[in-house]
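Pasted below: structure_38.txt, compact mmCIF, C-alpha atoms.
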```
# COMPACT_ATOMS: atom_id res chain seq x y z
CA MET A 1 0.00 0.00 0.00
CA ASN A 2 1.26 3.47 -0.85
CA ASN A 3 2.15 5.95 1.86
CA PRO A 4 -0.64 8.60 2.19
CA THR A 5 2.02 11.34 2.28
CA THR A 6 3.47 10.05 -0.99
CA GLN A 7 0.01 9.93 -2.55
CA LEU A 8 -0.68 13.52 -1.44
CA ASP A 9 2.67 14.71 -2.81
CA HIS A 10 1.96 12.84 -6.05
CA GLN A 11 -1.38 14.63 -6.38
CA GLN A 12 0.24 18.01 -5.66
CA GLN A 13 2.88 17.37 -8.31
CA GLU A 14 0.25 16.37 -10.88
CA ASP A 15 -1.42 19.74 -10.42
CA GLN A 16 1.71 21.37 -11.89
CA LYS A 17 0.43 20.55 -15.37
CA LYS A 18 -3.08 21.84 -14.63
CA LYS A 19 -3.23 25.03 -16.65
CA THR A 20 -5.69 26.83 -14.40
CA THR A 21 -3.52 26.74 -11.26
CA LYS A 22 -1.18 29.47 -10.03
CA GLY A 23 1.67 26.96 -9.67
CA TYR A 24 1.43 26.16 -13.37
CA MET A 25 1.70 29.81 -14.39
CA LEU A 26 4.68 30.37 -12.08
CA LEU A 27 6.55 27.38 -13.51
CA LEU A 28 5.67 28.45 -17.05
CA VAL A 29 7.02 31.99 -16.53
CA LEU A 30 10.18 30.73 -14.81
CA ASN A 31 10.94 28.30 -17.62
CA TYR A 32 10.36 30.88 -20.31
CA VAL A 33 12.67 33.30 -18.47
CA CYS A 34 15.33 30.53 -18.37
CA LEU A 35 14.84 29.87 -22.08
CA PHE A 36 14.96 33.58 -22.94
CA LEU A 37 18.05 34.38 -20.86
CA GLY A 38 19.82 31.17 -21.85
CA SER A 39 19.20 31.56 -25.58
CA VAL A 40 20.13 35.25 -25.82
CA SER A 41 23.16 34.95 -23.51
CA SER A 42 24.54 31.81 -25.16
CA SER A 43 24.14 33.46 -28.58
CA LEU A 44 26.02 36.57 -27.49
CA LEU A 45 28.76 34.59 -25.71
CA SER A 46 29.19 32.25 -28.68
CA LYS A 47 29.64 35.24 -30.96
CA PHE A 48 32.08 36.76 -28.44
CA TYR A 49 34.06 33.51 -28.55
CA PHE A 50 34.31 33.53 -32.35
CA VAL A 51 34.91 37.30 -32.59
CA HIS A 52 38.04 36.92 -30.48
CA LYS A 53 39.57 34.16 -32.62
CA GLY A 54 38.03 31.09 -30.96
CA ASN A 55 37.20 28.42 -33.55
CA SER A 56 37.12 24.97 -31.91
CA ARG A 57 34.21 22.75 -33.00
CA TRP A 58 34.68 20.48 -29.99
CA VAL A 59 34.56 23.36 -27.53
CA SER A 60 31.33 24.51 -29.16
CA THR A 61 29.93 20.96 -28.84
CA TRP A 62 31.09 20.31 -25.29
CA VAL A 63 29.86 23.57 -23.71
CA GLN A 64 26.28 22.90 -24.84
CA CYS A 65 25.85 20.02 -22.40
CA ALA A 66 28.70 20.10 -19.83
CA GLY A 67 26.71 22.18 -17.35
CA PHE A 68 24.58 19.24 -16.19
CA PRO A 69 26.02 19.26 -12.59
CA LEU A 70 24.23 22.61 -12.11
CA LEU A 71 20.93 20.69 -12.19
CA LEU A 72 21.82 18.91 -8.95
CA LEU A 73 20.89 22.10 -7.06
CA PRO A 74 17.20 22.28 -8.15
CA ILE A 75 16.96 18.48 -7.80
CA PHE A 76 18.18 18.11 -4.20
CA LEU A 77 17.60 21.56 -2.67
CA PRO A 78 13.75 21.33 -2.39
CA TYR A 79 14.06 17.94 -0.65
CA CYS A 80 16.81 19.13 1.72
CA LEU A 81 14.72 22.19 2.62
CA LYS A 82 11.71 19.86 3.13
CA CYS A 83 9.67 21.71 0.51
CA THR A 84 8.60 18.31 -0.87
CA GLN A 85 8.25 14.79 0.52
CA ARG A 86 9.37 13.21 -2.76
CA LYS A 87 12.91 11.85 -2.71
CA PRO A 88 15.05 12.72 -5.77
CA PHE A 89 14.97 10.04 -8.48
CA SER A 90 12.13 8.14 -6.79
CA ARG A 91 9.72 6.53 -9.28
CA PHE A 92 12.60 6.74 -11.78
CA THR A 93 12.04 3.43 -13.57
CA PRO A 94 14.64 1.55 -15.67
CA LYS A 95 12.57 2.38 -18.76
CA ILE A 96 12.73 6.14 -18.07
CA LEU A 97 16.46 5.85 -17.35
CA THR A 98 17.08 4.03 -20.65
CA LEU A 99 14.99 6.53 -22.60
CA SER A 100 16.86 9.43 -20.99
CA ILE A 101 20.25 7.97 -21.94
CA LEU A 102 19.22 7.25 -25.54
CA ILE A 103 17.67 10.69 -26.02
CA GLY A 104 20.76 12.25 -24.41
CA LEU A 105 23.04 10.51 -26.91
CA ALA A 106 20.83 11.78 -29.76
CA LEU A 107 21.05 15.28 -28.23
CA GLY A 108 24.84 14.98 -28.12
CA LEU A 109 24.86 14.03 -31.79
CA ASN A 110 22.64 17.03 -32.52
CA ASN A 111 25.09 19.34 -30.71
CA PHE A 112 27.97 17.85 -32.70
CA LEU A 113 26.23 18.32 -36.06
CA PHE A 114 25.19 21.87 -35.12
CA SER A 115 28.78 22.82 -34.22
CA TRP A 116 30.27 21.29 -37.36
CA GLY A 117 27.70 22.98 -39.56
CA ASN A 118 28.38 26.37 -37.97
CA SER A 119 32.14 25.93 -38.34
CA TYR A 120 31.88 25.52 -42.11
CA LEU A 121 28.85 27.47 -43.29
CA PRO A 122 28.21 31.22 -43.31
CA VAL A 123 25.79 32.34 -40.61
CA SER A 124 23.16 33.27 -43.22
CA THR A 125 23.22 29.83 -44.85
CA SER A 126 23.14 28.08 -41.48
CA ALA A 127 20.20 30.20 -40.28
CA LEU A 128 18.35 29.61 -43.56
CA LEU A 129 18.69 25.82 -43.22
CA LEU A 130 17.71 25.85 -39.54
CA SER A 131 14.62 27.96 -40.32
CA SER A 132 12.95 24.82 -41.68
CA GLN A 133 13.19 23.28 -38.20
CA LEU A 134 9.88 24.71 -37.05
CA VAL A 135 7.99 23.31 -40.05
CA PHE A 136 9.41 19.83 -39.42
CA ASN A 137 8.62 20.27 -35.73
CA LEU A 138 4.96 20.83 -36.63
CA ILE A 139 4.95 17.77 -38.93
CA PHE A 140 6.59 15.50 -36.35
CA SER A 141 4.26 16.82 -33.63
CA VAL A 142 1.23 15.90 -35.74
CA ILE A 143 2.62 12.40 -36.36
CA ILE A 144 4.03 11.57 -32.91
CA VAL A 145 1.83 13.39 -30.37
CA LYS A 146 -1.26 14.00 -32.56
CA GLN A 147 -0.89 17.79 -32.41
CA ILE A 148 -4.05 19.48 -33.69
CA ILE A 149 -3.32 22.07 -36.38
CA THR A 150 -5.19 25.30 -35.71
CA PHE A 151 -5.14 28.67 -37.42
CA SER A 152 -3.18 30.09 -34.48
CA ASN A 153 -0.27 27.64 -34.56
CA LEU A 154 -0.16 27.37 -38.36
CA ASN A 155 -0.13 31.16 -38.73
CA CYS A 156 2.67 31.39 -36.15
CA VAL A 157 4.78 28.70 -37.85
CA VAL A 158 4.45 30.44 -41.25
CA LEU A 159 5.32 33.89 -39.87
CA LEU A 160 8.29 32.68 -37.80
CA THR A 161 9.65 30.65 -40.72
CA LEU A 162 9.39 33.69 -43.02
CA SER A 163 11.07 35.77 -40.32
CA SER A 164 14.00 33.32 -40.11
CA VAL A 165 14.35 33.20 -43.90
CA LEU A 166 14.42 37.00 -44.13
CA LEU A 167 16.93 37.15 -41.29
CA ALA A 168 19.20 34.72 -43.10
CA LEU A 169 18.90 36.54 -46.43
CA GLY A 170 19.66 39.83 -44.69
CA SER A 171 22.99 38.59 -43.28
CA THR A 172 25.56 39.82 -45.79
CA ASN A 173 28.74 40.24 -43.73
CA ASP A 174 29.33 36.62 -42.79
CA LYS A 175 31.16 35.04 -45.72
CA THR A 176 33.46 32.22 -44.69
CA GLU A 177 37.00 32.34 -46.09
CA ASN A 178 38.48 29.33 -47.92
CA LEU A 179 35.16 27.50 -48.05
CA THR A 180 35.75 24.56 -50.41
CA LYS A 181 32.97 22.56 -52.04
CA SER A 182 33.61 19.53 -49.81
CA LYS A 183 33.50 21.66 -46.64
CA TYR A 184 30.33 23.33 -47.87
CA PHE A 185 28.57 19.97 -48.33
CA ILE A 186 29.77 18.74 -44.91
CA GLY A 187 28.42 21.90 -43.31
CA PHE A 188 25.20 21.73 -45.34
CA PHE A 189 24.26 18.17 -44.39
CA SER A 190 25.44 18.62 -40.80
CA THR A 191 23.16 21.63 -40.34
CA VAL A 192 20.19 19.91 -42.02
CA GLY A 193 20.77 16.86 -39.81
CA ALA A 194 20.92 19.04 -36.68
CA GLY A 195 17.67 20.79 -37.61
CA LEU A 196 15.84 17.53 -38.29
CA LEU A 197 17.15 15.89 -35.11
CA PHE A 198 16.05 18.78 -32.92
CA ALA A 199 12.67 18.98 -34.68
CA LEU A 200 12.26 15.27 -33.84
CA TYR A 201 13.68 15.64 -30.32
CA LEU A 202 10.93 18.01 -29.13
CA PRO A 203 7.84 15.85 -29.91
CA VAL A 204 9.66 12.70 -28.72
CA MET A 205 10.27 14.45 -25.40
CA GLU A 206 6.62 15.49 -25.24
CA SER A 207 5.52 11.86 -25.66
CA VAL A 208 7.96 10.78 -22.91
CA TYR A 209 6.85 13.58 -20.56
CA LYS A 210 3.28 12.28 -20.76
CA LYS A 211 4.51 9.39 -18.58
CA VAL A 212 6.19 11.78 -16.14
CA TYR A 213 3.99 13.01 -13.30
CA CYS A 214 5.97 15.96 -11.91
CA TYR A 215 8.33 18.75 -12.89
CA SER A 216 11.06 17.38 -10.59
CA MET A 217 11.29 14.28 -12.78
CA VAL A 218 11.75 16.52 -15.83
CA ILE A 219 14.85 18.07 -14.24
CA GLU A 220 16.14 14.61 -13.28
CA MET A 221 15.65 13.32 -16.82
CA GLN A 222 17.38 16.42 -18.15
CA LEU A 223 20.37 15.69 -15.89
CA ILE A 224 20.66 12.13 -17.26
CA MET A 225 20.28 13.33 -20.86
CA GLU A 226 22.90 16.06 -20.49
CA PHE A 227 25.25 13.59 -18.78
CA ALA A 228 24.92 11.18 -21.72
CA ALA A 229 25.45 14.01 -24.24
CA THR A 230 28.51 15.21 -22.29
CA ALA A 231 29.93 11.67 -22.19
CA LEU A 232 29.60 11.46 -25.98
CA ALA A 233 31.29 14.85 -26.45
CA THR A 234 34.04 13.94 -23.97
CA VAL A 235 34.85 10.68 -25.77
CA GLY A 236 34.96 12.56 -29.07
CA MET A 237 37.26 15.19 -27.62
CA ALA A 238 39.55 12.55 -26.11
CA PHE A 239 39.98 10.74 -29.44
CA SER A 240 40.40 13.89 -31.52
CA GLY A 241 42.70 15.83 -29.22
CA GLY A 242 40.02 18.31 -28.24
CA TYR A 243 41.41 18.97 -24.77
CA SER A 244 44.85 19.83 -26.06
CA GLU A 245 43.14 22.02 -28.64
CA MET A 246 41.31 23.88 -25.86
CA LYS A 247 44.59 24.44 -24.00
CA ARG A 248 46.37 25.66 -27.13
CA GLU A 249 43.45 27.91 -28.04
CA SER A 250 43.33 29.48 -24.56
CA LEU A 251 47.09 30.16 -24.53
CA TYR A 252 47.90 31.15 -28.11
CA VAL A 253 44.74 31.75 -30.16
CA PHE A 254 42.17 33.63 -28.03
CA ASP A 255 43.23 37.27 -28.22
CA LEU A 256 41.90 38.33 -24.77
CA GLY A 257 44.07 35.92 -22.80
CA SER A 258 43.64 32.61 -21.03
CA ASP A 259 41.58 33.88 -18.06
CA MET A 260 38.97 35.54 -20.28
CA TYR A 261 38.89 32.43 -22.48
CA TRP A 262 37.90 30.19 -19.56
CA LEU A 263 35.37 32.74 -18.32
CA VAL A 264 33.71 32.67 -21.74
CA VAL A 265 33.72 28.85 -21.74
CA ILE A 266 32.17 28.71 -18.25
CA GLY A 267 29.62 31.36 -19.22
CA ASN A 268 28.66 29.33 -22.28
CA VAL A 269 28.30 26.18 -20.18
CA MET A 270 25.90 27.91 -17.77
CA THR A 271 23.81 29.75 -20.37
CA TRP A 272 23.38 26.69 -22.62
CA GLN A 273 22.12 24.77 -19.59
CA LEU A 274 19.56 27.49 -18.92
CA CYS A 275 18.45 27.29 -22.54
CA PHE A 276 17.98 23.52 -22.57
CA MET A 277 16.31 23.47 -19.15
CA GLY A 278 13.90 26.17 -20.24
CA THR A 279 13.11 24.21 -23.41
CA ALA A 280 12.45 21.00 -21.45
CA GLY A 281 10.17 22.84 -19.04
CA MET A 282 8.21 24.48 -21.85
CA VAL A 283 7.66 21.11 -23.56
CA PHE A 284 6.54 19.51 -20.28
CA LEU A 285 4.16 22.33 -19.34
CA THR A 286 2.79 23.10 -22.80
CA SER A 287 3.75 21.15 -25.94
CA SER A 288 6.69 20.44 -28.23
CA LEU A 289 5.31 22.88 -30.80
CA THR A 290 5.11 25.66 -28.22
CA GLY A 291 8.71 24.96 -27.18
CA GLY A 292 9.87 25.16 -30.79
CA ILE A 293 7.89 28.35 -31.40
CA CYS A 294 9.34 30.02 -28.31
CA MET A 295 12.90 29.12 -29.32
CA THR A 296 12.39 30.41 -32.86
CA ALA A 297 10.74 33.62 -31.61
CA ILE A 298 13.79 34.39 -29.48
CA LEU A 299 15.88 34.60 -32.69
CA ALA A 300 14.56 38.13 -33.09
CA MET A 301 15.84 39.02 -29.62
CA ASN A 302 19.22 37.53 -30.55
CA VAL A 303 19.32 39.97 -33.47
CA VAL A 304 18.43 42.88 -31.19
CA GLY A 305 21.07 41.68 -28.71
CA GLY A 306 23.70 41.66 -31.45
CA VAL A 307 22.77 45.22 -32.41
CA ALA A 308 22.87 46.43 -28.79
CA VAL A 309 26.06 44.65 -27.69
CA TYR A 310 28.18 44.39 -30.84
CA GLY A 311 26.82 47.27 -32.89
CA ASP A 312 25.59 45.04 -35.73
CA SER A 313 23.78 46.77 -38.55
CA PHE A 314 19.99 46.81 -38.33
CA GLY A 315 18.62 47.36 -41.81
CA GLY A 316 15.15 47.18 -43.27
CA VAL A 317 15.21 43.41 -43.79
CA LYS A 318 16.10 42.74 -40.16
CA ALA A 319 13.43 45.19 -39.03
CA VAL A 320 10.73 43.44 -41.11
CA SER A 321 11.99 40.06 -39.84
CA THR A 322 11.74 41.23 -36.22
CA VAL A 323 8.21 42.58 -36.74
CA LEU A 324 7.07 39.30 -38.35
CA CYS A 325 8.64 37.35 -35.51
CA GLY A 326 6.91 39.45 -32.86
CA TRP A 327 3.60 39.32 -34.73
CA GLY A 328 3.69 35.53 -35.07
CA PHE A 329 4.67 34.97 -31.44
CA CYS A 330 2.08 37.38 -30.05
CA SER A 331 -0.68 35.78 -32.12
CA TYR A 332 0.29 32.36 -30.76
CA VAL A 333 0.42 33.62 -27.16
CA TYR A 334 -3.03 35.17 -27.61
CA GLY A 335 -4.32 31.87 -28.97
CA MET A 336 -2.92 30.09 -25.89
CA TYR A 337 -4.52 32.69 -23.62
CA VAL A 338 -7.95 32.18 -25.24
CA LYS A 339 -7.55 28.41 -24.97
CA MET A 340 -6.59 28.57 -21.28
CA LYS A 341 -9.52 30.91 -20.61
CA ASP A 342 -11.93 28.47 -22.29
CA GLU A 343 -10.45 25.61 -20.23
CA LYS A 344 -10.97 27.61 -17.05
CA VAL A 345 -14.61 28.29 -17.99
CA LYS A 346 -15.16 24.59 -18.75
CA GLU A 347 -13.59 23.61 -15.43
CA SER A 348 -15.87 26.04 -13.58
CA GLU A 349 -18.91 24.62 -15.40
CA GLU A 350 -17.87 21.06 -14.55
CA LYS A 351 -17.45 22.00 -10.87
CA ALA A 352 -20.88 23.64 -10.93
CA ARG A 353 -22.40 20.46 -12.43
CA GLU A 354 -20.67 18.35 -9.78
CA ASN A 355 -22.04 20.60 -7.04
CA VAL A 356 -25.55 20.32 -8.51
CA VAL A 357 -25.26 16.52 -8.60
CA VAL A 358 -24.00 16.46 -5.01
CA ASP A 359 -26.85 18.77 -3.92
CA ASP A 360 -29.39 16.57 -5.72
CA GLU A 361 -27.98 13.49 -4.01
CA LYS A 362 -28.19 15.25 -0.64
CA VAL A 363 -31.84 16.20 -1.29
CA GLU A 364 -32.62 12.63 -2.35
CA LEU A 365 -30.96 11.23 0.78
CA MET A 366 -32.82 13.70 2.97
CA THR A 367 -36.09 12.71 1.30
CA ILE A 368 -35.37 9.02 1.84
CA ASN A 369 -34.48 9.63 5.49
CA HIS A 370 -37.62 11.71 5.94
CA ASN A 371 -39.77 8.95 4.42
CA LEU A 372 -38.05 6.34 6.59
CA ASN A 373 -38.63 8.44 9.69
CA ASN A 374 -42.30 8.89 8.77
CA LYS A 375 -42.65 5.18 8.16
CA ASN A 376 -41.01 4.39 11.49
CA ASN A 377 -43.27 6.87 13.26
CA ASN A 378 -46.34 5.36 11.60
CA ASN A 379 -45.24 1.86 12.61
CA GLN A 380 -44.66 2.99 16.19
CA GLU A 381 -48.14 4.60 16.29
CA MET A 382 -49.73 1.42 14.96
CA VAL A 383 -47.96 -0.74 17.55
CA HIS A 384 -48.94 1.68 20.33
CA HIS A 385 -52.54 1.66 19.12
CA GLN A 386 -52.61 -2.14 19.07
CA ILE A 387 -51.22 -2.34 22.62
CA VAL A 388 -53.78 0.14 23.86
CA THR A 389 -56.56 -1.82 22.16
CA VAL A 390 -55.44 -5.09 23.71
CA VAL A 391 -55.22 -3.53 27.15
CA ASP A 392 -58.68 -2.01 26.78
CA ASP A 393 -60.12 -5.37 25.71
CA ARG A 394 -58.65 -7.11 28.75
CA VAL A 395 -59.93 -4.46 31.08
```

As structure tokens - that is how I would like this structure written.
Amino acid sequence: MNNPTTQLDHQQQEDQKKKTTKGYMLLLVLNYVCLFLGSVSSSLLSKFYFVHKGNSRWVSTWVQCAGFPLLLLPIFLPYCLKCTQRKPFSRFTPKILTLSILIGLALGLNNFLFSWGNSYLPVSTSALLLSSQLVFNLIFSVIIVKQIITFSNLNCVVLLTLSSVLLALGSTNDKTENLTKSKYFIGFFSTVGAGLLFALYLPVMESVYKKVYCYSMVIEMQLIMEFAATALATVGMAFSGGYSEMKRESLYVFDLGSDMYWLVVIGNVMTWQLCFMGTAGMVFLTSSLTGGICMTAILAMNVVGGVAVYGDSFGGVKAVSTVLCGWGFCSYVYGMYVKMKDEKVKESEEKARENVVVDDEKVELMTINHNLNNKNNNNQEMVHHQIVTVVDDRV
């Protein structure tokens, strides 16, 4: 038999996915803030790394997942502070563990392909290829998790894809030197593979999260996945001399010195972890399509961040792209707001119906009790009358 405390904690955790509760909204806002800060910061730090002569593919791959130990804090701190009765990694079945490892290895491969594609292709070409990610995300979501296509999400996907395409076409100062045909094809297929893998990763995670009953388990799964991805990157670095390359790059290549180099690496590790954790939370709390839309919408903020921090040019094409991005995202958020409002109204109506049923049952029980009492009273009167009659006859 289950412990009543465990059952109560289980029920409390399940309410985290209930869209009409305050806890749900708090988690949703926190995860989007993590996604926003992580995406914009990692983009700016990655550009800072390359601007100052950094060019290691393995460093770019490794920093995307090496921050997994940071997740130990949100996993164990609530339990140590007795904010929850659930022990970390409880109800973590062998099946969930296996799925987390396999998905983590696929995520590591995605990071590797993304880094190799970026190292060979111009930024515009890379962004143009990755802009198709959202369309494939919608297709995979329909196939895997039976996502319903509505005007709101279809309109958002179209607008955000057009925004990404315009953004890519508007990038003119990013030509890669000495780009041979073979390197171009390696970069091309690596970037396409990364886009397809990530578009598949999001709906697969949504289907897995349907078997997960609380947000704490999402963080625990993320830790296992990032550990597996880091292990893959570490093995690759060990066989290809990536660690010696990092040391050489920090001492002789990075033009701001070794200390700044390691600060940038550590900053990248932390911000990428925020980005992935925010993505996982958004998929768990909403859907894989919403997670993909939020990530794509933040591309516009990355452009604004580049203009503000590095003084990038902000021409008419980028302005139109940013407007389309904001328009598409706002329309989707409004659609979500209307949907949540309708769900809240339906929930209130269901509660009202339940109350009416309960009240009807109470009235029926009261009526039955009243009838039983009347019947008992009538029986008692009849017995009393019979006794009186018998006594009178004997007298």

Find the residues around segment 284-299 of chain A up to 9 Å (only C-alpha atoms counted), leave out those fewer than 2 positions away in its own chain, and share them as a PyMOL selection string. chain A and resi 16-19+24+27-28+32+35-36+39-40+131+133-134+137-138+141+145+147+153+156-157+160-161+163-164+199+201-206+209-210+212+215+218+275+278-282+301-304+322+325-326+328-329+332

Tell me, in Å to one decimal, how far atom CA of Gln64 of chain A is from atom CA of Gly257 of chain A. 22.1 Å

Given the point (21.2, 22.9, -21.4) in the coordinates of this file, which residues lie within 10 Å, counting all atoms listed in the file, and how would they look as a list in words? Leu35, Gly38, Ser39, Val63, Gln64, Cys65, Ala66, Gly67, Phe68, Leu70, Leu71, Gln222, Leu223, Met225, Glu226, Asn268, Val269, Met270, Thr271, Trp272, Gln273, Leu274, Cys275, Phe276, Met277, Gly278, Thr279 and Ala280 of chain A

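Closest approach to Ser207 of chain A among A:Cys80, A:Ile143, A:Leu30, A:Met260 is made by A:Ile143 (distances from only C-alpha atoms).
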
Considering all atoms listed in the file, state which residue in the set A:Tyr184, A:Phe198, A:Tyr79, A:Phe140 is at the smallest distance from Phe112 of chain A. A:Phe198

So that I can see what lies close to Phe48 of chain A, please list as an MDAnalysis selection string the residues with an atom at most 12 Å from it, counting all atoms listed in the file and leaving out residues fewer than 6 positions away in the same chain. chainID A and resid 41:42 54:55 254:256 260:261 263:265 267:268 306 309:310
